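S.K.: Can you read through this structure? Questions will come right after.
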Amino acid sequence: MALNLKLDLPSGYEMPVLGFGTWQVAEEEIIPALDIALQAGYRHIDCAAYYQNEKAVGKVLKEWIDSGKVTREELFIVTKLPPTGNDANKVEKWLTESLENLQLDYLDMYLIHNPVGFEEVEGELYALDENGDVRLDMSTDHLALWAELERHVEAGSTRSIGVSNFNESQITRILDSCKIPVSNLQIELHVYFQQNDLVAFCKEKGIAVTAYSPLGSRGTVRLLGKTEILPDLLLNSTVQEIAKKHNRTCAQILLRHILQKGVAVIPKSQNPERIYENFDVLDWELDSEDVIELDNLDKGPEARICDFAAFFKGFERHPECPY
């Protein structure tokens, strides 16, 4: 099947289906990794204020733009409003800070990183109470938040806006009242957790879907103690057999499987060889029988890796907890 290299967005812009992720990469490590990614051909770069490496990303982007190796128009830069910014009065501060750190005049996509709001405490990425629970802002208002994002589209600070980690009912609530529609939903999605119903809903509404952790985030699995439930996706025998059949890496098989469903992917790597390999998924395809075999590996919600209720004690008490 012919693969569309870009997804049409409701905003009228296009988003490259293959991007480069920057989560869990320290500032000193993202600089060489991003430089290699741009050399390999990545133009969609996924960032977040919460990742605490936007300044390093911005340094690389400025070097590439100033040297003429790439134009700003060729890039598609995404970043996200952190949970501590989930208040209409705080959006401008966080958006402005991200633009300054990334050394850009505008973003291509600005996402609400999480439907749950955290209290903002100066100097804290997230603050905890005396019991070790994350300090939640229970007044989170998605409609007011979205209206503020719309204002920044109109002001030219970002071309498109979207959400991350939202569920269907939360997205529907925004769609029922918005002036500017949701362009993108970014969610955890991989062969063990395919989120078919949510993807189908988004396609029906014209919302582009981006899969984060498309290779399974092995380090996070270990952190959460889910190694028995979620063994390494790259070691799955079905994936390995299909990789051998096509003379491809297991990572390439996993990425291509998602791409053939019309979903964008943002794999992350710091290994130069893997960065190039992960980009080499656009000009070949899986057979229909391969797709069926991979579809059958879906384990449903039990395979969720990025469980924020496990990361942040007390997260589930928030009225906007998406689970």
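Each chain in the structure tokens gets a letter, A, B and so on, in the order shown; residues start at 1 in every chain, and ligands are counted from 1 in the order they appear.
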So which residues touch segment 160-175 of chain A within 8 Å, counting only C-alpha atoms, skipping near sequence neighbours fewer than 4 positions away, as number ranges by chain?

M.R.: A: 11, 13, 107-115, 142-143, 146, 149-150, 153, 181-188, 198, 201, 322-323

S.K.: Report the residues of segment 45-255 of chain A whose backbone DSSP state falls under alpha helix (DSSP H), written as a PyMOL selection string.

M.R.: chain A and resi 54-66+91-102+142-154+168-175+196-205+218-223+237-246+250-255

S.K.: Could you save those same residues with C-alpha atoms as a PDB file, in the first residue's frame?

M.R.:
ATOM      1  CA  GLU A  54      13.808  22.343  25.021  1.00  0.00           C
ATOM      2  CA  LYS A  55      16.805  24.691  25.270  1.00  0.00           C
ATOM      3  CA  ALA A  56      19.115  22.008  23.875  1.00  0.00           C
ATOM      4  CA  VAL A  57      16.632  21.175  21.118  1.00  0.00           C
ATOM      5  CA  GLY A  58      16.417  24.870  20.283  1.00  0.00           C
ATOM      6  CA  LYS A  59      20.187  25.140  20.046  1.00  0.00           C
ATOM      7  CA  VAL A  60      20.298  22.406  17.397  1.00  0.00           C
ATOM      8  CA  LEU A  61      17.331  23.793  15.475  1.00  0.00           C
ATOM      9  CA  LYS A  62      18.853  27.289  15.364  1.00  0.00           C
ATOM     10  CA  GLU A  63      22.166  25.916  14.101  1.00  0.00           C
ATOM     11  CA  TRP A  64      20.462  23.993  11.312  1.00  0.00           C
ATOM     12  CA  ILE A  65      18.237  26.920  10.287  1.00  0.00           C
ATOM     13  CA  ASP A  66      20.986  29.565  10.499  1.00  0.00           C
ATOM     14  CA  VAL A  91      -0.891  29.182  28.916  1.00  0.00           C
ATOM     15  CA  GLU A  92       0.758  32.331  27.598  1.00  0.00           C
ATOM     16  CA  LYS A  93       3.627  32.050  30.069  1.00  0.00           C
ATOM     17  CA  TRP A  94       4.379  28.433  29.182  1.00  0.00           C
ATOM     18  CA  LEU A  95       3.925  28.865  25.447  1.00  0.00           C
ATOM     19  CA  THR A  96       6.175  31.918  25.399  1.00  0.00           C
ATOM     20  CA  GLU A  97       8.828  30.088  27.410  1.00  0.00           C
ATOM     21  CA  SER A  98       8.782  27.127  24.991  1.00  0.00           C
ATOM     22  CA  LEU A  99       9.118  29.429  21.986  1.00  0.00           C
ATOM     23  CA  GLU A 100      12.069  31.168  23.629  1.00  0.00           C
ATOM     24  CA  ASN A 101      13.752  27.892  24.571  1.00  0.00           C
ATOM     25  CA  LEU A 102      13.227  26.423  21.100  1.00  0.00           C
ATOM     26  CA  HIS A 142     -10.631  22.056  29.446  1.00  0.00           C
ATOM     27  CA  LEU A 143     -13.001  24.400  27.627  1.00  0.00           C
ATOM     28  CA  ALA A 144     -11.412  27.544  29.058  1.00  0.00           C
ATOM     29  CA  LEU A 145      -7.992  26.054  28.369  1.00  0.00           C
ATOM     30  CA  TRP A 146      -8.927  25.275  24.762  1.00  0.00           C
ATOM     31  CA  ALA A 147     -10.331  28.778  24.206  1.00  0.00           C
ATOM     32  CA  GLU A 148      -6.970  30.181  25.299  1.00  0.00           C
ATOM     33  CA  LEU A 149      -5.121  27.876  22.881  1.00  0.00           C
ATOM     34  CA  GLU A 150      -7.431  29.102  20.109  1.00  0.00           C
ATOM     35  CA  ARG A 151      -6.399  32.662  20.938  1.00  0.00           C
ATOM     36  CA  HIS A 152      -2.764  31.738  20.394  1.00  0.00           C
ATOM     37  CA  VAL A 153      -3.556  30.191  17.015  1.00  0.00           C
ATOM     38  CA  GLU A 154      -5.217  33.454  16.020  1.00  0.00           C
ATOM     39  CA  GLU A 168     -12.910  10.113  23.851  1.00  0.00           C
ATOM     40  CA  SER A 169     -15.373  11.915  26.128  1.00  0.00           C
ATOM     41  CA  GLN A 170     -12.862  14.660  26.936  1.00  0.00           C
ATOM     42  CA  ILE A 171     -12.154  15.234  23.241  1.00  0.00           C
ATOM     43  CA  THR A 172     -15.881  15.220  22.441  1.00  0.00           C
ATOM     44  CA  ARG A 173     -16.485  17.917  25.031  1.00  0.00           C
ATOM     45  CA  ILE A 174     -13.915  20.150  23.309  1.00  0.00           C
ATOM     46  CA  LEU A 175     -15.251  19.410  19.824  1.00  0.00           C
ATOM     47  CA  ASN A 196      -8.247   0.753  18.005  1.00  0.00           C
ATOM     48  CA  ASP A 197     -11.505   2.305  19.248  1.00  0.00           C
ATOM     49  CA  LEU A 198      -9.878   5.623  20.095  1.00  0.00           C
ATOM     50  CA  VAL A 199      -8.013   5.711  16.771  1.00  0.00           C
ATOM     51  CA  ALA A 200     -11.257   4.967  14.889  1.00  0.00           C
ATOM     52  CA  PHE A 201     -13.022   7.767  16.786  1.00  0.00           C
ATOM     53  CA  CYS A 202     -10.279  10.251  15.884  1.00  0.00           C
ATOM     54  CA  LYS A 203     -10.321   9.266  12.220  1.00  0.00           C
ATOM     55  CA  GLU A 204     -14.085   9.764  12.144  1.00  0.00           C
ATOM     56  CA  LYS A 205     -13.600  13.266  13.588  1.00  0.00           C
ATOM     57  CA  ARG A 218      11.380  -0.752  27.787  1.00  0.00           C
ATOM     58  CA  GLY A 219      12.991   1.375  30.503  1.00  0.00           C
ATOM     59  CA  THR A 220       9.597   2.549  31.736  1.00  0.00           C
ATOM     60  CA  VAL A 221       8.281  -1.025  31.797  1.00  0.00           C
ATOM     61  CA  ARG A 222      11.135  -1.972  34.105  1.00  0.00           C
ATOM     62  CA  LEU A 223      10.527   1.104  36.252  1.00  0.00           C
ATOM     63  CA  SER A 237       8.642 -14.169  18.308  1.00  0.00           C
ATOM     64  CA  THR A 238       5.969 -13.010  15.843  1.00  0.00           C
ATOM     65  CA  VAL A 239       7.711  -9.679  15.380  1.00  0.00           C
ATOM     66  CA  GLN A 240      11.061 -11.432  14.965  1.00  0.00           C
ATOM     67  CA  GLU A 241       9.700 -13.820  12.336  1.00  0.00           C
ATOM     68  CA  ILE A 242       8.186 -10.990  10.300  1.00  0.00           C
ATOM     69  CA  ALA A 243      11.432  -9.013  10.598  1.00  0.00           C
ATOM     70  CA  LYS A 244      13.407 -11.992   9.287  1.00  0.00           C
ATOM     71  CA  LYS A 245      10.943 -12.441   6.413  1.00  0.00           C
ATOM     72  CA  HIS A 246      11.429  -8.832   5.266  1.00  0.00           C
ATOM     73  CA  CYS A 250      12.098  -5.644  14.720  1.00  0.00           C
ATOM     74  CA  ALA A 251      11.790  -1.920  15.431  1.00  0.00           C
ATOM     75  CA  GLN A 252      11.145  -1.251  11.746  1.00  0.00           C
ATOM     76  CA  ILE A 253       8.366  -3.856  11.725  1.00  0.00           C
ATOM     77  CA  LEU A 254       6.696  -2.301  14.763  1.00  0.00           C
ATOM     78  CA  LEU A 255       6.887   1.213  13.332  1.00  0.00           C
TER      79      LEU A 255
END

S.K.: Run DSSP on the backbone and grab whatever in segment 125-255 of chain A lands in strand (DSSP E); send it over as a ChimeraX atom specification.

M.R.: /A:161-164,184-188,208-212

S.K.: Suppose we keep N, CA and C atoms; can you now write the selection as an mmCIF file, in the first residue's frame?

M.R.:
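Listing of part-v2.cif after writing:
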data_model
loop_
_atom_site.group_PDB
_atom_site.id
_atom_site.type_symbol
_atom_site.label_atom_id
_atom_site.label_comp_id
_atom_site.auth_asym_id
_atom_site.auth_seq_id
_atom_site.Cartn_x
_atom_site.Cartn_y
_atom_site.Cartn_z
ATOM 1 N N ILE A 161 -3.387 23.080 17.070
ATOM 2 C CA ILE A 161 -3.475 22.742 18.484
ATOM 3 C C ILE A 161 -4.118 21.366 18.643
ATOM 4 N N GLY A 162 -3.767 20.712 19.743
ATOM 5 C CA GLY A 162 -4.291 19.376 19.979
ATOM 6 C C GLY A 162 -4.133 18.978 21.431
ATOM 7 N N VAL A 163 -4.286 17.685 21.680
ATOM 8 C CA VAL A 163 -4.257 17.172 23.045
ATOM 9 C C VAL A 163 -3.433 15.890 23.091
ATOM 10 N N SER A 164 -3.033 15.519 24.281
ATOM 11 C CA SER A 164 -2.291 14.280 24.496
ATOM 12 C C SER A 164 -2.844 13.590 25.739
ATOM 13 N N ASN A 184 -4.807 17.121 16.575
ATOM 14 C CA ASN A 184 -3.974 15.956 16.848
ATOM 15 C C ASN A 184 -4.248 15.404 18.239
ATOM 16 N N LEU A 185 -4.273 14.087 18.336
ATOM 17 C CA LEU A 185 -4.257 13.404 19.622
ATOM 18 C C LEU A 185 -2.986 12.582 19.673
ATOM 19 N N GLN A 186 -2.181 12.823 20.691
ATOM 20 C CA GLN A 186 -0.968 12.021 20.884
ATOM 21 C C GLN A 186 -1.211 11.082 22.063
ATOM 22 N N ILE A 187 -1.048 9.770 21.816
ATOM 23 C CA ILE A 187 -1.332 8.766 22.835
ATOM 24 C C ILE A 187 -0.277 7.667 22.800
ATOM 25 N N GLU A 188 -0.170 6.952 23.917
ATOM 26 C CA GLU A 188 0.635 5.736 23.918
ATOM 27 C C GLU A 188 -0.020 4.728 22.978
ATOM 28 N N ALA A 208 -5.831 13.789 13.501
ATOM 29 C CA ALA A 208 -4.641 12.974 13.280
ATOM 30 C C ALA A 208 -4.183 12.379 14.608
ATOM 31 N N VAL A 209 -3.735 11.134 14.570
ATOM 32 C CA VAL A 209 -3.257 10.457 15.778
ATOM 33 C C VAL A 209 -1.753 10.247 15.681
ATOM 34 N N THR A 210 -1.061 10.517 16.768
ATOM 35 C CA THR A 210 0.376 10.261 16.869
ATOM 36 C C THR A 210 0.619 9.254 17.975
ATOM 37 N N ALA A 211 1.409 8.219 17.677
ATOM 38 C CA ALA A 211 1.731 7.177 18.645
ATOM 39 C C ALA A 211 3.045 7.492 19.342
ATOM 40 N N TYR A 212 2.978 7.702 20.666
ATOM 41 C CA TYR A 212 4.237 7.780 21.411
ATOM 42 C C TYR A 212 4.525 6.417 22.023
#

S.K.: Check the smallest atom-to-atom distance from each of A:Leu282, A:Leu234, A:Ile266, A:Cys321 to Ser213 of chain A using only C-alpha atoms, then report the winner.

M.R.: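 That would be A:Ile266, the residue with the smallest distance to Ser213 of chain A.
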
S.K.: Which residues come within 8 Å of segment 274-276 of chain A, counting only C-alpha atoms, excluding same-chain residues fewer than 6 positions away, as a list in words?

M.R.: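 Counting only the stated atoms, we get Ile36, Ala37, Ala40 and Lys268 of chain A.
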